[in-house]
Amino acid sequence: MHLDQLLLVLDLAQTHSFNQTAERNYTTQQSVSYSIKQLEKELNVKIFNRSKTGVSFTKEGQLVLECAQEMKASYQKLMQNLGQEPKFSAPPEKLTLYISSVLLVDSMPDIIKNFKQIYPDTRLFIKDVNDDAIVPALLHGQCDVAIWTVNHGYLENNISPDMAERMHMNVIMQDKSVAVFTAESQLAEKEILSIEDISKCSKSIFGVTPIDSFGKDPLDYALYQDNNLAVHQQLASEDSTICFTSEIMYQKFFPKEKFAARPIEYPTLPHYHMLLRRKDTQHTVYDALDRIIVHELKKL
């Protein structure tokens, strides 16, 4: 018997619906059914009666529900005695989300709406910050959850084992860098761009620094480095400017009738779109926000 299974039993006592419970937990109806079936198999009882009007507890299921409620109370007491935050405790009054990626700009209204449906009394604060501010803010308690887009080299050089030990670092998607330019550019005739090809052009960096700067400071060659999409589109529309960005950002933000993209011959580093949180954030409110964000990222 697992904590997540008990959470589903308690949730089903409120919704009386596998579909609604799946929606509230940002998972599938099949996943909820599987978890409950595994619990029924372990206990060798039938917990729910299923019908077209929903689900109801069997006589044995009612005992399981009462046990889940008692175990919830016991768990809360244990965690409080240990001086830790119970996962079953009341949700926090506010939750702060820091973002250093423009990937979820269009999805933010859905993230807020879906989160408020589950936790209407928790205020959600969202702030767009610089990449370098994410980890210090997380470890110093200035934010609770963070969405971070970084390259592998940055992780190796800036995240110590002690930092990594204190955080959950969930890689949602892996990405790679591309050079974006106008569709009419002669560069579109090539399958891959060389250093010589791109050295003759002005350059901008959109969203993340998608390459390792050719061994130089990005400011040495970047004409513009920011998350203002309109400026990058305007610059890339000029035949003399290349915009460096990630492949996912190109697919999402640059219309294919106006722009083209090619990989770069220079060895590039993989980029990770990551979800971060401290390991001491154990309440289900954080799990819910994690699931909502992962759900939206995977829709891209």
# chains A, B, ... in the order shown; residues from 1 in each chain; ligands from 1
$ residues_around --residues "Thr149 in chain A" --least-positions-apart "5" --cutoff "10 Å" --atoms "only C-alpha atoms" --output "MDAnalysis selection string"
chainID A and resid 99:103 131 171 173:175 207:210 246 271:275
$ select_by_dssp --residues "range 79-270 of chain A" --states "strand (DSSP E)" --output "PDB file with C-alpha atoms, in the first residue's frame"
ATOM      1  CA  LYS A  94       1.021  31.083  -1.597  1.00  0.00           C
ATOM      2  CA  LEU A  95       3.357  29.304  -3.992  1.00  0.00           C
ATOM      3  CA  THR A  96       6.057  31.042  -6.036  1.00  0.00           C
ATOM      4  CA  LEU A  97       7.079  29.854  -9.492  1.00  0.00           C
ATOM      5  CA  TYR A  98      10.224  31.238 -11.160  1.00  0.00           C
ATOM      6  CA  ILE A  99      10.708  30.871 -14.911  1.00  0.00           C
ATOM      7  CA  ARG A 123      -2.092  32.249  -4.420  1.00  0.00           C
ATOM      8  CA  LEU A 124       0.266  31.519  -7.293  1.00  0.00           C
ATOM      9  CA  PHE A 125       3.062  34.047  -7.894  1.00  0.00           C
ATOM     10  CA  ILE A 126       4.957  33.740 -11.198  1.00  0.00           C
ATOM     11  CA  LYS A 127       8.141  35.655 -12.001  1.00  0.00           C
ATOM     12  CA  ASP A 128      10.351  35.692 -15.087  1.00  0.00           C
ATOM     13  CA  VAL A 145       9.213  25.619  -8.087  1.00  0.00           C
ATOM     14  CA  ALA A 146      11.245  26.693 -11.118  1.00  0.00           C
ATOM     15  CA  ILE A 147      11.228  26.077 -14.858  1.00  0.00           C
ATOM     16  CA  TRP A 148      14.766  26.261 -16.176  1.00  0.00           C
ATOM     17  CA  THR A 149      16.323  25.973 -19.628  1.00  0.00           C
ATOM     18  CA  VAL A 150      20.081  25.361 -19.527  1.00  0.00           C
ATOM     19  CA  ASN A 151      22.824  23.590 -21.438  1.00  0.00           C
ATOM     20  CA  MET A 167      17.006  19.641  -5.327  1.00  0.00           C
ATOM     21  CA  HIS A 168      14.763  17.503  -7.490  1.00  0.00           C
ATOM     22  CA  MET A 169      15.955  18.138 -11.060  1.00  0.00           C
ATOM     23  CA  ASN A 170      13.465  16.711 -13.525  1.00  0.00           C
ATOM     24  CA  VAL A 171      14.462  16.916 -17.197  1.00  0.00           C
ATOM     25  CA  ILE A 172      11.180  17.282 -19.099  1.00  0.00           C
ATOM     26  CA  MET A 173      12.618  17.685 -22.595  1.00  0.00           C
ATOM     27  CA  GLN A 174      16.006  17.637 -24.281  1.00  0.00           C
ATOM     28  CA  ASP A 175      16.663  20.190 -26.995  1.00  0.00           C
ATOM     29  CA  SER A 177      20.536  24.605 -30.867  1.00  0.00           C
ATOM     30  CA  VAL A 178      19.853  25.935 -34.349  1.00  0.00           C
ATOM     31  CA  ALA A 179      20.568  29.086 -36.331  1.00  0.00           C
ATOM     32  CA  VAL A 180      17.440  30.850 -37.601  1.00  0.00           C
ATOM     33  CA  PHE A 181      17.349  33.238 -40.557  1.00  0.00           C
ATOM     34  CA  THR A 182      15.028  34.490 -43.261  1.00  0.00           C
ATOM     35  CA  SER A 202      25.236  39.842 -37.063  1.00  0.00           C
ATOM     36  CA  LYS A 203      23.871  37.559 -34.378  1.00  0.00           C
ATOM     37  CA  SER A 204      21.158  37.512 -31.720  1.00  0.00           C
ATOM     38  CA  ILE A 205      20.295  35.031 -28.973  1.00  0.00           C
ATOM     39  CA  PHE A 206      16.674  34.230 -28.190  1.00  0.00           C
ATOM     40  CA  ALA A 222      25.633  38.834 -29.814  1.00  0.00           C
ATOM     41  CA  LEU A 223      23.892  41.793 -31.365  1.00  0.00           C
ATOM     42  CA  TYR A 224      20.897  41.263 -29.094  1.00  0.00           C
ATOM     43  CA  GLN A 225      20.337  38.835 -26.228  1.00  0.00           C
ATOM     44  CA  ASP A 226      16.914  38.825 -24.601  1.00  0.00           C
ATOM     45  CA  THR A 241      21.295  38.589 -39.104  1.00  0.00           C
ATOM     46  CA  ILE A 242      21.177  35.081 -37.614  1.00  0.00           C
ATOM     47  CA  CYS A 243      19.197  34.260 -34.485  1.00  0.00           C
ATOM     48  CA  PHE A 244      20.541  31.494 -32.259  1.00  0.00           C
ATOM     49  CA  THR A 245      17.853  29.621 -30.367  1.00  0.00           C
ATOM     50  CA  SER A 246      16.726  26.086 -29.555  1.00  0.00           C
ATOM     51  CA  PHE A 259      12.049  31.673 -41.467  1.00  0.00           C
ATOM     52  CA  ALA A 260      14.334  28.672 -41.883  1.00  0.00           C
ATOM     53  CA  ALA A 261      16.673  26.966 -39.428  1.00  0.00           C
ATOM     54  CA  ARG A 262      19.797  24.829 -39.710  1.00  0.00           C
TER      55      ARG A 262
END
$ atom_distance --atom1 "CA of Ser35 in chain A" --atom2 "CA of Thr15 in chain A"
16.3 Å
$ residues_around --residues "Arg278 in chain A" --least-positions-apart "3" --cutoff "12 Å" --atoms "only C-alpha atoms" --output "PyMOL selection string"
chain A and resi 134-146+163-170+275+281-283+286-287
$ residues_around --residues "range 2-4 of chain A" --least-positions-apart "3" --cutoff "12 Å" --atoms "only C-alpha atoms" --output "ChimeraX atom specification"
/A:7-11,25,31-32,35-36,38-39,42,68-69,71-72,75,86-88,284,287
$ atom_distance --atom1 "CA of Arg277 in chain A" --atom2 "CA of Asp106 in chain A"
22.3 Å
$ atom_distance --atom1 "CA of Asn44 in chain A" --atom2 "CA of Thr21 in chain A"
22.8 Å
$ select_by_dssp --residues "range 222-272 of chain A" --states "helix (DSSP H, G or I)" --output "list in words"
Leu229, Ala230, Val231, His232, Gln233, Gln234, Leu235, Ala236, Ser237, Glu247, Ile248, Met249, Tyr250, Gln251, Lys252 and Phe253 of chain A
$ residues_around --residues "His295 in chain A" --least-positions-apart "6" --cutoff "12 Å" --atoms "only C-alpha atoms" --output "ChimeraX atom specification"
/A:23,25-28,104,107-108,110-111,114-115,172-173,275,288-289
$ decode --residues "range 213-298 of chain A" --atoms "C-alpha atoms" --output "PDB file, in the first residue's frame"
ATOM      1  CA  SER A 213      29.598  30.813 -27.163  1.00  0.00           C
ATOM      2  CA  PHE A 214      32.341  29.407 -29.412  1.00  0.00           C
ATOM      3  CA  GLY A 215      34.615  29.660 -26.396  1.00  0.00           C
ATOM      4  CA  LYS A 216      33.870  33.369 -26.000  1.00  0.00           C
ATOM      5  CA  ASP A 217      31.620  35.541 -23.928  1.00  0.00           C
ATOM      6  CA  PRO A 218      28.209  35.752 -25.700  1.00  0.00           C
ATOM      7  CA  LEU A 219      28.435  39.539 -25.566  1.00  0.00           C
ATOM      8  CA  ASP A 220      31.451  39.364 -27.868  1.00  0.00           C
ATOM      9  CA  TYR A 221      29.286  38.410 -30.789  1.00  0.00           C
ATOM     10  CA  ALA A 222      25.633  38.834 -29.814  1.00  0.00           C
ATOM     11  CA  LEU A 223      23.892  41.793 -31.365  1.00  0.00           C
ATOM     12  CA  TYR A 224      20.897  41.263 -29.094  1.00  0.00           C
ATOM     13  CA  GLN A 225      20.337  38.835 -26.228  1.00  0.00           C
ATOM     14  CA  ASP A 226      16.914  38.825 -24.601  1.00  0.00           C
ATOM     15  CA  ASN A 227      13.500  37.112 -24.574  1.00  0.00           C
ATOM     16  CA  ASN A 228      11.711  39.721 -26.693  1.00  0.00           C
ATOM     17  CA  LEU A 229      10.457  37.547 -29.558  1.00  0.00           C
ATOM     18  CA  ALA A 230       9.351  40.444 -31.775  1.00  0.00           C
ATOM     19  CA  VAL A 231      12.862  41.929 -31.836  1.00  0.00           C
ATOM     20  CA  HIS A 232      14.454  38.591 -32.730  1.00  0.00           C
ATOM     21  CA  GLN A 233      11.931  37.981 -35.510  1.00  0.00           C
ATOM     22  CA  GLN A 234      12.619  41.437 -36.899  1.00  0.00           C
ATOM     23  CA  LEU A 235      16.386  40.928 -36.736  1.00  0.00           C
ATOM     24  CA  ALA A 236      16.200  37.464 -38.301  1.00  0.00           C
ATOM     25  CA  SER A 237      14.039  38.877 -41.076  1.00  0.00           C
ATOM     26  CA  GLU A 238      17.047  40.918 -42.197  1.00  0.00           C
ATOM     27  CA  ASP A 239      19.265  38.930 -44.495  1.00  0.00           C
ATOM     28  CA  SER A 240      22.404  39.839 -42.541  1.00  0.00           C
ATOM     29  CA  THR A 241      21.295  38.589 -39.104  1.00  0.00           C
ATOM     30  CA  ILE A 242      21.177  35.081 -37.614  1.00  0.00           C
ATOM     31  CA  CYS A 243      19.197  34.260 -34.485  1.00  0.00           C
ATOM     32  CA  PHE A 244      20.541  31.494 -32.259  1.00  0.00           C
ATOM     33  CA  THR A 245      17.853  29.621 -30.367  1.00  0.00           C
ATOM     34  CA  SER A 246      16.726  26.086 -29.555  1.00  0.00           C
ATOM     35  CA  GLU A 247      14.970  23.834 -32.048  1.00  0.00           C
ATOM     36  CA  ILE A 248      11.788  23.697 -29.942  1.00  0.00           C
ATOM     37  CA  MET A 249      11.684  27.474 -29.722  1.00  0.00           C
ATOM     38  CA  TYR A 250      12.155  27.736 -33.476  1.00  0.00           C
ATOM     39  CA  GLN A 251       9.299  25.296 -34.109  1.00  0.00           C
ATOM     40  CA  LYS A 252       7.050  27.128 -31.661  1.00  0.00           C
ATOM     41  CA  PHE A 253       7.767  30.799 -32.326  1.00  0.00           C
ATOM     42  CA  PHE A 254       9.074  31.278 -35.889  1.00  0.00           C
ATOM     43  CA  PRO A 255       6.585  30.943 -38.814  1.00  0.00           C
ATOM     44  CA  LYS A 256       8.025  28.518 -41.372  1.00  0.00           C
ATOM     45  CA  GLU A 257       6.838  30.622 -44.319  1.00  0.00           C
ATOM     46  CA  LYS A 258       9.137  33.441 -43.152  1.00  0.00           C
ATOM     47  CA  PHE A 259      12.049  31.673 -41.467  1.00  0.00           C
ATOM     48  CA  ALA A 260      14.334  28.672 -41.883  1.00  0.00           C
ATOM     49  CA  ALA A 261      16.673  26.966 -39.428  1.00  0.00           C
ATOM     50  CA  ARG A 262      19.797  24.829 -39.710  1.00  0.00           C
ATOM     51  CA  PRO A 263      22.065  23.047 -37.213  1.00  0.00           C
ATOM     52  CA  ILE A 264      25.561  24.404 -36.612  1.00  0.00           C
ATOM     53  CA  GLU A 265      28.759  22.537 -37.502  1.00  0.00           C
ATOM     54  CA  TYR A 266      30.462  23.687 -34.329  1.00  0.00           C
ATOM     55  CA  PRO A 267      30.006  21.103 -31.515  1.00  0.00           C
ATOM     56  CA  THR A 268      26.937  22.190 -29.595  1.00  0.00           C
ATOM     57  CA  LEU A 269      25.790  21.155 -26.169  1.00  0.00           C
ATOM     58  CA  PRO A 270      22.440  19.499 -25.462  1.00  0.00           C
ATOM     59  CA  HIS A 271      19.933  21.758 -23.755  1.00  0.00           C
ATOM     60  CA  TYR A 272      17.512  20.701 -21.069  1.00  0.00           C
ATOM     61  CA  HIS A 273      14.117  22.117 -20.235  1.00  0.00           C
ATOM     62  CA  MET A 274      13.936  21.272 -16.543  1.00  0.00           C
ATOM     63  CA  LEU A 275      11.569  21.436 -13.605  1.00  0.00           C
ATOM     64  CA  LEU A 276      13.297  22.190 -10.286  1.00  0.00           C
ATOM     65  CA  ARG A 277      12.146  22.171  -6.674  1.00  0.00           C
ATOM     66  CA  ARG A 278      13.739  21.653  -3.283  1.00  0.00           C
ATOM     67  CA  LYS A 279      13.513  18.192  -1.787  1.00  0.00           C
ATOM     68  CA  ASP A 280      11.909  19.608   1.350  1.00  0.00           C
ATOM     69  CA  THR A 281       8.778  20.660  -0.597  1.00  0.00           C
ATOM     70  CA  GLN A 282       6.650  17.600   0.095  1.00  0.00           C
ATOM     71  CA  HIS A 283       3.054  18.857   0.004  1.00  0.00           C
ATOM     72  CA  THR A 284       0.732  17.586  -2.733  1.00  0.00           C
ATOM     73  CA  VAL A 285       0.301  21.183  -3.939  1.00  0.00           C
ATOM     74  CA  TYR A 286       3.831  21.014  -5.367  1.00  0.00           C
ATOM     75  CA  ASP A 287       3.121  17.654  -6.980  1.00  0.00           C
ATOM     76  CA  ALA A 288       0.017  19.116  -8.624  1.00  0.00           C
ATOM     77  CA  LEU A 289       1.884  22.116 -10.028  1.00  0.00           C
ATOM     78  CA  ASP A 290       4.663  19.816 -11.271  1.00  0.00           C
ATOM     79  CA  ARG A 291       2.145  17.641 -13.124  1.00  0.00           C
ATOM     80  CA  ILE A 292       0.410  20.657 -14.677  1.00  0.00           C
ATOM     81  CA  ILE A 293       3.706  22.116 -15.929  1.00  0.00           C
ATOM     82  CA  VAL A 294       4.914  18.770 -17.313  1.00  0.00           C
ATOM     83  CA  HIS A 295       1.552  18.324 -19.041  1.00  0.00           C
ATOM     84  CA  GLU A 296       1.861  21.729 -20.732  1.00  0.00           C
ATOM     85  CA  LEU A 297       5.510  21.254 -21.720  1.00  0.00           C
ATOM     86  CA  LYS A 298       4.753  17.920 -23.356  1.00  0.00           C
TER      87      LYS A 298
END
